[in-house]
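Okay, protein-v9.txt now, which holds compact mmCIF, C-alpha atoms:
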# COMPACT_ATOMS: atom_id res chain seq x y z
CA MET V 1 27.10 14.39 1.03
CA ASP V 2 30.25 12.94 -0.46
CA LYS V 3 29.94 12.54 -4.24
CA LYS V 4 31.34 9.04 -4.13
CA ARG V 5 28.61 8.03 -1.72
CA GLU V 6 25.97 9.73 -3.82
CA LYS V 7 27.03 7.78 -6.89
CA ASP V 8 24.54 5.09 -7.85
CA HIS V 9 25.75 1.77 -6.48
CA ALA V 10 24.44 0.07 -9.62
CA LYS V 11 27.33 1.53 -11.65
CA ARG V 12 29.83 -0.17 -9.34
CA SER V 13 28.31 -3.65 -9.61
CA PRO V 14 25.65 -4.75 -12.13
CA TRP V 15 25.05 -7.96 -10.17
CA LEU V 16 24.52 -6.01 -6.96
CA HIS V 17 22.14 -3.77 -8.88
CA VAL V 18 19.98 -6.68 -10.08
CA ARG V 19 20.16 -8.52 -6.76
CA THR V 20 19.10 -5.47 -4.78
CA LEU V 21 16.17 -4.78 -7.12
CA GLY V 22 15.11 -8.41 -6.70
CA LEU V 23 15.21 -8.07 -2.90
CA ILE V 24 13.08 -4.92 -3.05
CA VAL V 25 10.52 -6.72 -5.21
CA LEU V 26 10.51 -9.68 -2.79
CA VAL V 27 9.91 -7.38 0.17
CA GLY V 28 7.02 -5.73 -1.67
CA ILE V 29 5.42 -9.12 -2.36
CA ASN V 30 5.52 -10.21 1.27
CA LEU V 31 4.25 -6.91 2.63
CA ARG V 32 0.99 -7.46 0.75
CA THR V 33 0.22 -11.21 0.82
CA VAL V 34 -0.55 -11.21 4.56
CA LEU V 35 -2.84 -8.20 4.19
CA LEU V 36 -4.75 -9.21 1.07
CA ALA V 37 -5.22 -12.79 2.28
CA VAL V 38 -7.86 -11.50 4.72
CA PRO V 39 -10.64 -10.10 2.45
CA PRO V 40 -11.39 -13.50 0.82
CA ILE V 41 -12.08 -15.06 4.24
CA VAL V 42 -13.96 -12.07 5.71
CA PRO V 43 -17.35 -13.86 5.48
CA LEU V 44 -15.91 -16.77 7.50
CA LEU V 45 -14.47 -14.42 10.11
CA SER V 46 -17.73 -12.47 10.34
CA HIS V 47 -19.71 -15.69 10.78
CA ASP V 48 -17.43 -17.28 13.38
CA PHE V 49 -17.02 -14.13 15.47
CA GLN V 50 -20.51 -12.68 14.83
CA LEU V 51 -19.07 -9.39 13.62
CA THR V 52 -21.24 -6.47 12.61
CA TYR V 53 -20.50 -4.65 9.37
CA THR V 54 -18.90 -1.86 11.40
CA GLN V 55 -16.59 -4.34 13.15
CA THR V 56 -15.78 -5.98 9.81
CA GLY V 57 -14.94 -2.61 8.30
CA LEU V 58 -12.70 -1.82 11.28
CA LEU V 59 -10.84 -5.13 10.87
CA THR V 60 -10.16 -4.58 7.17
CA SER V 61 -9.17 -0.94 7.64
CA LEU V 62 -7.14 -1.43 10.84
CA PRO V 63 -3.85 -1.89 8.91
CA THR V 64 -4.26 1.48 7.25
CA LEU V 65 -5.03 3.12 10.62
CA VAL V 66 -1.94 1.67 12.28
CA MET V 67 0.31 2.49 9.33
CA GLY V 68 -1.07 6.00 9.27
CA VAL V 69 -0.37 6.59 12.97
CA VAL V 70 3.20 5.23 12.97
CA SER V 71 4.58 6.12 9.52
CA LEU V 72 5.70 9.64 10.49
CA PRO V 73 7.66 8.64 13.62
CA ILE V 74 9.13 5.71 11.69
CA GLY V 75 10.29 8.14 9.02
CA LEU V 76 12.09 10.09 11.71
CA LEU V 77 13.75 6.94 13.09
CA ILE V 78 15.02 5.84 9.68
CA GLY V 79 17.36 8.84 9.59
CA ARG V 80 19.08 7.52 12.73
CA TRP V 81 18.91 3.74 12.38
CA GLY V 82 19.02 3.36 8.61
CA GLY V 83 16.49 1.96 6.17
CA ARG V 84 18.09 -1.48 5.97
CA ILE V 85 17.51 -2.15 9.68
CA MET V 86 13.96 -0.82 9.55
CA VAL V 87 13.04 -3.08 6.62
CA ALA V 88 14.36 -6.12 8.51
CA PHE V 89 12.56 -5.14 11.72
CA GLY V 90 9.36 -4.59 9.75
CA LEU V 91 9.51 -8.02 8.10
CA LEU V 92 10.03 -9.63 11.51
CA LEU V 93 6.92 -7.95 12.92
CA VAL V 94 4.88 -8.88 9.84
CA ALA V 95 5.83 -12.55 10.21
CA LEU V 96 5.11 -12.60 13.95
CA GLY V 97 1.79 -10.78 13.67
CA ALA V 98 0.57 -12.92 10.78
CA SER V 99 1.40 -16.25 12.44
CA LEU V 100 0.31 -15.35 15.98
CA ARG V 101 -3.22 -14.57 14.76
CA ALA V 102 -3.67 -18.31 14.29
CA LEU V 103 -2.77 -19.17 17.91
CA TRP V 104 -5.60 -17.22 19.56
CA PRO V 105 -8.66 -17.35 17.26
CA ALA V 106 -10.67 -14.70 19.11
CA VAL V 107 -11.74 -11.16 18.28
CA LEU V 108 -9.33 -9.14 20.43
CA PRO V 109 -6.19 -11.16 19.54
CA LEU V 110 -7.21 -10.93 15.89
CA TYR V 111 -7.30 -7.14 16.10
CA PHE V 112 -4.11 -6.93 18.19
CA PHE V 113 -1.92 -9.11 15.98
CA THR V 114 -3.31 -7.47 12.86
CA ALA V 115 -2.14 -4.17 14.34
CA LEU V 116 1.28 -5.72 15.07
CA LEU V 117 1.85 -6.89 11.49
CA SER V 118 0.60 -3.52 10.26
CA LEU V 119 3.28 -1.83 12.36
CA GLY V 120 5.86 -4.04 10.67
CA SER V 121 4.50 -3.23 7.23
CA ALA V 122 4.76 0.48 8.02
CA CYS V 123 8.43 0.09 9.05
CA SER V 124 9.36 -1.56 5.77
CA GLN V 125 7.16 0.53 3.49
CA THR V 126 8.48 3.82 4.85
CA ALA V 127 12.11 2.72 4.54
CA ILE V 128 12.03 1.41 0.96
CA PRO V 129 11.63 4.81 -0.82
CA ALA V 130 14.56 6.23 1.17
CA LEU V 131 16.72 3.24 0.20
CA ILE V 132 15.65 3.61 -3.44
CA ARG V 133 16.80 7.23 -3.40
CA GLN V 134 20.14 6.17 -1.91
CA TRP V 135 20.78 3.00 -3.93
CA PHE V 136 19.19 4.04 -7.26
CA SER V 137 19.57 7.81 -7.34
CA THR V 138 19.51 7.90 -11.17
CA GLN V 139 16.70 5.34 -11.58
CA ILE V 140 14.12 6.38 -9.02
CA GLY V 141 11.14 5.86 -11.32
CA LEU V 142 12.25 2.39 -12.43
CA ALA V 143 13.12 1.16 -8.93
CA THR V 144 9.87 2.52 -7.49
CA ALA V 145 7.85 0.88 -10.25
CA LEU V 146 9.58 -2.47 -9.67
CA TYR V 147 8.90 -2.21 -5.94
CA SER V 148 5.27 -1.53 -6.76
CA ASP V 149 5.30 -4.57 -9.05
CA GLY V 150 6.19 -6.59 -5.97
CA LEU V 151 3.31 -5.06 -4.03
CA VAL V 152 0.95 -5.91 -6.86
CA ILE V 153 2.15 -9.49 -7.13
CA GLY V 154 1.67 -9.91 -3.38
CA GLU V 155 -1.81 -8.43 -3.52
CA THR V 156 -2.79 -10.67 -6.43
CA VAL V 157 -1.34 -13.84 -4.92
CA GLY V 158 -2.90 -13.19 -1.51
CA ALA V 159 -6.32 -12.39 -2.91
CA MET V 160 -6.50 -15.20 -5.47
CA LEU V 161 -4.77 -18.12 -3.76
CA THR V 162 -5.99 -17.90 -0.16
CA ILE V 163 -9.30 -19.67 -0.75
CA PRO V 164 -7.86 -22.39 -3.07
CA VAL V 165 -5.02 -23.03 -0.59
CA MET V 166 -7.46 -23.30 2.30
CA LEU V 167 -9.89 -25.57 0.46
CA ASN V 168 -7.27 -27.89 -1.05
CA TRP V 169 -4.76 -28.10 1.79
CA PHE V 170 -6.34 -27.21 5.13
CA GLY V 171 -10.11 -27.62 4.94
CA ARG V 172 -13.18 -25.57 4.13
CA ASP V 173 -13.23 -23.52 7.36
CA ALA V 174 -9.54 -23.64 8.33
CA TRP V 175 -8.97 -19.94 7.88
CA THR V 176 -6.48 -19.82 10.79
CA SER V 177 -4.08 -22.05 8.84
CA THR V 178 -3.86 -19.49 6.06
CA PHE V 179 -2.34 -17.00 8.52
CA VAL V 180 0.56 -19.36 9.24
CA PHE V 181 0.90 -20.28 5.58
CA TRP V 182 1.46 -16.69 4.43
CA SER V 183 3.89 -15.91 7.28
CA ILE V 184 6.44 -18.48 6.06
CA PRO V 185 7.49 -16.57 2.89
CA VAL V 186 7.88 -13.43 5.02
CA MET V 187 10.48 -15.19 7.20
CA ILE V 188 12.31 -16.37 4.08
CA ALA V 189 12.35 -12.79 2.76
CA LEU V 190 13.72 -11.58 6.11
CA VAL V 191 16.62 -14.07 6.00
CA LEU V 192 17.48 -13.13 2.41
CA TRP V 193 17.32 -9.42 3.22
CA LEU V 194 19.70 -9.74 6.17
CA TRP V 195 22.05 -11.82 4.07
CA LEU V 196 22.07 -9.99 0.75
CA ALA V 197 20.90 -6.39 1.19
CA PRO V 198 23.76 -3.87 0.77
CA ALA V 199 24.74 -1.51 3.54
CA ASN V 200 23.13 1.90 3.65
CA THR V 201 24.14 5.29 4.94
CA VAL V 202 22.62 6.38 8.24
CA ASN V 203 21.78 10.07 8.20
CA GLN V 204 22.21 11.57 11.66
CA ARG V 205 20.48 14.85 10.86
CA SER V 206 18.14 15.82 13.69
CA TRP V 207 14.50 16.18 12.70
CA THR V 208 11.36 16.95 14.63
CA LEU V 209 7.70 16.31 13.94
CA LYS V 210 7.19 20.02 13.29
CA GLN V 211 10.01 20.13 10.74
CA ALA V 212 8.72 17.03 8.99
CA GLY V 213 5.50 18.77 8.15
CA SER V 214 6.79 22.23 7.36
CA THR V 215 9.06 21.76 4.36
CA PRO V 216 7.06 22.54 1.24
CA HIS V 217 8.76 22.08 -2.10
CA ARG V 218 10.62 25.27 -2.94
CA SER V 219 8.90 25.61 -6.34
CA SER V 220 5.44 25.66 -4.78
CA ARG V 221 4.03 29.09 -4.04
CA ARG V 222 0.47 28.38 -5.00
CA PHE V 223 -2.70 28.10 -2.91
CA VAL V 224 -2.28 24.30 -2.73
CA PRO V 225 1.43 23.68 -2.01
CA VAL V 226 3.38 20.54 -2.82
CA ASN V 227 4.47 19.09 0.51
CA PRO V 228 4.26 15.64 2.15
CA TRP V 229 0.86 16.47 3.65
CA THR V 230 -0.85 17.20 0.34
CA LEU V 231 0.99 14.32 -1.36
CA GLY V 232 -0.43 12.06 1.34
CA LEU V 233 -3.93 12.67 0.00
CA PHE V 234 -2.84 11.17 -3.34
CA VAL V 235 -1.63 8.00 -1.63
CA GLY V 236 -4.62 7.96 0.71
CA GLY V 237 -7.12 8.32 -2.10
CA ALA V 238 -5.60 5.47 -4.10
CA GLN V 239 -5.34 3.24 -1.02
CA LEU V 240 -8.88 4.04 0.11
CA ILE V 241 -10.35 3.10 -3.25
CA TYR V 242 -8.29 -0.07 -3.60
CA PHE V 243 -8.51 -1.42 -0.05
CA GLY V 244 -12.14 -0.34 0.28
CA THR V 245 -13.09 -2.27 -2.85
CA ASN V 246 -11.16 -5.32 -1.65
CA ALA V 247 -12.78 -5.11 1.76
CA TRP V 248 -16.39 -5.03 0.58
CA ILE V 249 -16.62 -7.11 -2.58
CA ALA V 250 -17.38 -10.36 -0.72
CA SER V 251 -19.95 -8.88 1.67
CA TYR V 252 -21.56 -6.71 -1.03
CA ASN V 253 -21.95 -9.62 -3.46
CA GLN V 254 -23.42 -11.76 -0.72
CA ALA V 255 -25.96 -9.02 0.03
CA VAL V 256 -26.98 -8.64 -3.64
CA HIS V 257 -27.17 -12.43 -4.10
CA ALA V 258 -24.16 -12.69 -6.41
CA PRO V 259 -21.57 -14.57 -4.31
CA ALA V 260 -20.40 -16.54 -7.36
CA LEU V 261 -18.80 -13.36 -8.76
CA THR V 262 -16.73 -12.64 -5.65
CA TRP V 263 -13.70 -14.76 -6.48
CA LEU V 264 -13.58 -13.48 -10.07
CA ALA V 265 -14.05 -9.83 -9.11
CA LEU V 266 -11.41 -10.01 -6.35
CA GLY V 267 -9.00 -11.82 -8.63
CA ILE V 268 -9.40 -9.35 -11.50
CA LEU V 269 -9.23 -6.35 -9.17
CA ASN V 270 -5.81 -7.46 -7.99
CA ALA V 271 -4.56 -9.10 -11.19
CA ALA V 272 -5.35 -5.98 -13.26
CA GLN V 273 -2.76 -4.13 -11.24
CA LEU V 274 0.09 -6.21 -12.65
CA PRO V 275 -0.14 -5.13 -16.33
CA ALA V 276 -0.74 -1.55 -15.19
CA SER V 277 2.30 -1.73 -12.93
CA LEU V 278 4.42 -3.23 -15.70
CA PHE V 279 3.27 -0.40 -17.97
CA ALA V 280 4.42 2.07 -15.32
CA THR V 281 7.74 0.22 -15.09
CA LEU V 282 8.37 0.58 -18.83
CA PHE V 283 7.32 4.23 -19.00
CA ALA V 284 8.27 5.39 -15.49
CA HIS V 285 10.64 8.04 -16.87
CA LYS V 286 7.76 9.65 -18.76
CA LEU V 287 4.99 9.28 -16.15
CA VAL V 288 6.61 10.10 -12.80
CA GLY V 289 6.34 13.73 -11.78
CA ARG V 290 3.51 14.70 -14.15
CA LYS V 291 -0.03 15.86 -13.42
CA LEU V 292 -2.05 14.38 -16.29
CA PRO V 293 -1.78 10.70 -15.20
CA PHE V 294 -3.31 11.61 -11.82
CA ILE V 295 -6.23 13.36 -13.50
CA ILE V 296 -6.92 10.51 -15.94
CA CYS V 297 -6.67 7.74 -13.34
CA ALA V 298 -8.89 9.55 -10.82
CA SER V 299 -11.53 10.16 -13.50
CA LEU V 300 -11.55 6.49 -14.53
CA CYS V 301 -11.87 5.41 -10.89
CA LEU V 302 -14.85 7.69 -10.42
CA ILE V 303 -16.57 6.34 -13.53
CA ALA V 304 -15.92 2.70 -12.56
CA LEU V 305 -17.30 3.13 -9.03
CA VAL V 306 -20.48 4.78 -10.25
CA CYS V 307 -20.93 2.04 -12.86
CA TRP V 308 -20.32 -0.65 -10.21
CA ILE V 309 -23.42 0.54 -8.38
CA TRP V 310 -25.70 1.38 -11.30
CA THR V 311 -24.90 -1.21 -13.96
CA PRO V 312 -25.78 -4.95 -13.92
CA VAL V 313 -23.81 -6.96 -11.40
CA VAL V 314 -22.42 -9.20 -14.15
CA LEU V 315 -20.19 -6.28 -15.23
CA GLU V 316 -18.38 -6.23 -11.87
CA PRO V 317 -15.18 -7.82 -13.27
CA LEU V 318 -14.88 -5.02 -15.85
CA TRP V 319 -15.13 -2.26 -13.25
CA ALA V 320 -12.81 -4.22 -10.94
CA ALA V 321 -10.19 -4.25 -13.69
CA VAL V 322 -10.46 -0.49 -14.16
CA ILE V 323 -10.20 0.19 -10.42
CA GLY V 324 -7.28 -2.19 -9.97
CA GLY V 325 -5.27 -0.74 -12.85
CA THR V 326 -5.86 2.91 -12.07
CA THR V 327 -5.28 2.70 -8.31
CA ILE V 328 -1.87 1.05 -8.71
CA LEU V 329 -0.85 3.73 -11.20
CA LEU V 330 -1.92 6.39 -8.72
CA TYR V 331 0.04 4.69 -5.96
CA ILE V 332 3.23 4.28 -8.03
CA LEU V 333 3.16 7.88 -9.22
CA ALA V 334 2.51 9.21 -5.71
CA ILE V 335 5.00 7.05 -3.80
CA ALA V 336 7.82 8.15 -6.14
CA LEU V 337 7.28 11.86 -5.48
CA PRO V 338 9.20 12.19 -2.16
CA ALA V 339 12.33 10.62 -3.68
CA LEU V 340 11.88 12.87 -6.72
CA LEU V 341 11.11 16.18 -5.02
CA ALA V 342 12.79 16.09 -1.60
CA LYS V 343 16.46 16.30 -0.67
CA GLN V 344 18.08 12.92 -0.03
CA GLU V 345 18.26 13.44 3.75
CA GLU V 346 14.57 14.39 3.76
CA VAL V 347 13.15 11.50 1.73
CA ALA V 348 12.38 9.25 4.73
CA GLN V 349 10.65 12.10 6.59
CA TRP V 350 8.65 13.10 3.52
CA THR V 351 7.67 9.47 2.93
CA GLY V 352 6.69 8.96 6.57
CA THR V 353 4.57 12.10 6.62
CA MET V 354 2.96 11.26 3.28
CA LEU V 355 2.10 7.72 4.39
CA THR V 356 0.75 8.98 7.71
CA VAL V 357 -1.70 11.30 5.96
CA GLY V 358 -2.45 8.73 3.28
CA TYR V 359 -3.18 5.80 5.54
CA LEU V 360 -5.23 7.81 8.02
CA PHE V 361 -7.27 9.10 5.09
CA SER V 362 -7.69 5.63 3.60
CA PHE V 363 -8.63 4.13 6.99
CA LEU V 364 -11.87 6.09 6.96
CA GLY V 365 -13.24 4.38 3.85
CA PRO V 366 -14.06 0.80 4.94
CA PHE V 367 -14.88 1.89 8.50
CA ILE V 368 -17.33 4.62 7.50
CA GLY V 369 -18.74 2.39 4.76
CA GLY V 370 -19.54 -0.38 7.25
CA TRP V 371 -21.00 2.13 9.70
CA LEU V 372 -23.28 3.59 7.02
CA TRP V 373 -24.38 0.10 5.97
CA ASP V 374 -25.39 -0.71 9.55
CA ILE V 375 -27.43 2.50 9.69
CA VAL V 376 -29.23 2.61 6.34
CA HIS V 377 -29.11 -1.12 5.40
CA ILE V 378 -28.23 -0.31 1.77
CA PRO V 379 -25.26 -2.37 0.51
CA ALA V 380 -24.20 0.14 -2.16
CA ILE V 381 -23.58 2.80 0.50
CA VAL V 382 -20.19 1.22 1.27
CA PHE V 383 -18.87 2.61 -2.02
CA LEU V 384 -19.72 6.24 -1.17
CA PRO V 385 -16.40 6.96 0.62
CA LEU V 386 -14.56 5.49 -2.37
CA VAL V 387 -16.40 7.83 -4.76
CA LEU V 388 -15.51 10.81 -2.57
CA ALA V 389 -11.84 9.73 -2.50
CA SER V 390 -11.79 9.64 -6.31
CA GLY V 391 -13.09 13.19 -6.34
CA VAL V 392 -10.39 14.35 -3.91
CA VAL V 393 -7.60 12.84 -6.03
CA LEU V 394 -9.09 14.37 -9.18
CA VAL V 395 -9.28 17.86 -7.66
CA LEU V 396 -5.73 17.64 -6.30
CA GLY V 397 -4.47 16.41 -9.66
CA VAL V 398 -5.83 19.58 -11.20
CA LEU V 399 -4.72 22.01 -8.46
CA LEU V 400 -1.34 20.75 -7.21
CA PRO V 401 1.59 22.53 -8.92
CA ILE V 402 3.70 19.40 -9.33
CA GLN V 403 6.88 20.28 -11.23
CA ARG V 404 9.13 17.53 -12.55
CA PRO V 405 12.79 18.35 -11.75
CA PRO V 406 15.02 18.61 -14.84
CA THR V 407 17.34 15.88 -13.48
CA ALA V 408 14.48 13.37 -13.17
Reformat the file's structure so that it appears as C-alpha cells.
Amino acid sequence: MDKKREKDHAKRSPWLHVRTLGLIVLVGINLRTVLLAVPPIVPLLSHDFQLTYTQTGLLTSLPTLVMGVVSLPIGLLIGRWGGRIMVAFGLLLVALGASLRALWPAVLPLYFFTALLSLGSACSQTAIPALIRQWFSTQIGLATALYSDGLVIGETVGAMLTIPVMLNWFGRDAWTSTFVFWSIPVMIALVLWLWLAPANTVNQRSWTLKQAGSTPHRSSRRFVPVNPWTLGLFVGGAQLIYFGTNAWIASYNQAVHAPALTWLALGILNAAQLPASLFATLFAHKLVGRKLPFIICASLCLIALVCWIWTPVVLEPLWAAVIGGTTILLYILAIALPALLAKQEEVAQWTGTMLTVGYLFSFLGPFIGGWLWDIVHIPAIVFLPLVLASGVVLVLGVLLPIQRPPTA
C-alpha cells in the first residue's frame, strides 16, 4: 500500500486525531448501553413473559450467538465496503432493534429485535479494529484501549442507570420505555459518525471463508498456533465470564434471598471495568502483545468465581470488582491482537474470525447455565461454565506462542 496512505492520519491533523478518537469512544459507549440495559430488568421480563431459566439464559446470550454467527462474513464484507460504512450501518440496526422491542412486548418480537440489534453491534464491532489499524497505525494499543473505555462506560451506564431511569421517569414496571430511551443516544452517535468520521480506504482484495481461517501468524510453529481461531477463545472466555455474570446476578441473588445486593453487585461489576480500562490505556504499550497479563487475569477470574460460590454472599461486590476488572483487561488485550499481528489488509478478516469464535464460545455460558439450573435446581450451577471459561483462557495464556512484533 502507498506509504502516504499508510502514514498515520493523526500526524496530518491533531484535531482530526482527537475528534476521531472521540467518535470511536462514542460508538463503543452506544454499542453496550442497549445490551447491558437488559440484565437489570430480567426479573421483570421473566415474570411478565413467564420465562423459564433456559429461556432467560437464551435471551441474555442471544446477542453473543448472533454476533458469533455473523462476525466472520461481516469481516469479509468490510474489505469491500469499508469500515466506515459498516460502523454506520451497524449503529442504524442497533437503534432500530432497540426501539422496536418496545412496540411489540411479546416473547418472539423480543427475541427477533434483540437479534437485529445484535447484528448491528457485530457490524460496528468488527469494523472498529480495522479502522484503528488504518487511522492509528502507530498507536494501536492506545486507540484500542480508548475504544474499550467506551465499551466499559456504556456497560456501566446501561447496568447502573436503567433501573433508576425506569423508576424515576417511566414507572416501576415500564421496562419497555427503557428500550426507547437507550436507542436515542445511538441515533445521535450515528448522525455524528456520518458527519465527522474521516474517509477510509476500501481494500478490494478477494477473500474467502477458507482463507480467513487458514492464515496463522508466521512466527507460530508450535502445537497451539496463533491464528484468529485460537485468539477467538481469548475473547470468548472473557465475554463468557463477563456477560454470564451480568446475566445471572439478579436471578441468582433472588434465589439465595439476597436481592438487595443485586444493584450493588451489578454496578460494581461494570464500574470496576473503568479503572482497569484506564490502566490499560495508560500502559497499553507495555501490556499489548504479552502473555503474562492473560495468565494473571485468568487466574484472578477463576479465584473470584470460586469465592463467589463458596464465600458469604455479602462479599459479592468484592468478587464482582475482580471479575469486572480482569475481564475487561482480557478483552482489551485480545481485541488488539489482530491489528498487532495481522497484515493491514487482513485485520478485518482476522477480527471477524476471532469474534465469530469468541461470541459462539461465550454464547454457551448463560444458555448452558440456565439449562443446568432447570435440571438440578441449584442456583450456583450457573457459574460452572464461567469457571470452565477461566480455565480455558488460563491454559491458552500459558500455551499460545504470542510474540510481540518489534514495531509494536
Using only C-alpha atoms, pick whichever of V:Gly83, V:Gly352, V:Pro198, V:Gly141 has the shortest atom-to-atom distance to Leu333 (chain V).
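The answer is V:Gly141, which sits nearest to Leu333 (chain V).
Among the candidate residues V:Val398, V:Leu261, V:Leu103, V:Leu31, the one lying nearest to Asp149 (chain V) is V:Leu31, with distances computed using all atoms listed in the file.
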Record the distance separating CA of Lys343 (chain V) and CA of Ala130 (chain V), expressed in Å with one decimal.
10.4 Å
Could you tell me which of V:Gly358, V:Gly22, V:Gly370, V:Pro109 comes closest to Ala334 (chain V) if we count all atoms listed in the file?
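Closest to Ala334 (chain V), using all atoms listed in the file: V:Gly358.
Of note, CA of Asn253 (chain V) and CA of Val313 (chain V) are spaced 8.6 Å apart.
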Measure the distance from CA of Val38 (chain V) to CA of Thr353 (chain V) in Å and round it to one decimal.
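CA of Val38 (chain V) sits 26.7 Å away from CA of Thr353 (chain V).
With only C-alpha atoms as the atoms that count, the residue of V:Gln125, V:Ala336, V:Leu388, V:Ala98 with the shortest distance to Phe112 (chain V) is V:Ala98.
Residues surrounding Pro129 (chain V) within 8 Å are Gln125, Thr126, Ala127, Leu131, Ile132, Arg133, Thr144, Ile335, Ala336, Pro338, Ala339, Val347, Ala348 and Thr351 of chain V [all atoms listed in the file; sequence separation below 2 positions excluded].
When all atoms listed in the file are used to compute distances to Ile41 (chain V), the closest of the residues V:Val357, V:Ala247, V:Leu386, V:Leu196 turns out to be V:Ala247.
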Coordinates of box centre and edge lengths for region 93-108 of chain V, 5 Å on every side, axis-aligned, as JSON:
{"center_x": -2.4, "center_y": -13.6, "center_z": 15.1, "size_x": 28.7, "size_y": 21.2, "size_z": 20.6}
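If you count all atoms listed in the file and ignore residues fewer than 6 places along the chain from Thr176 (chain V), what sits within 8 Å of it is Arg101, Ala102 and Pro105 of chain V.
Distances from V:Gln349, V:Ser390, V:Ser362, V:Thr20 to Phe243 (chain V) were compared using all atoms listed in the file, and the smallest one belongs to V:Ser362.
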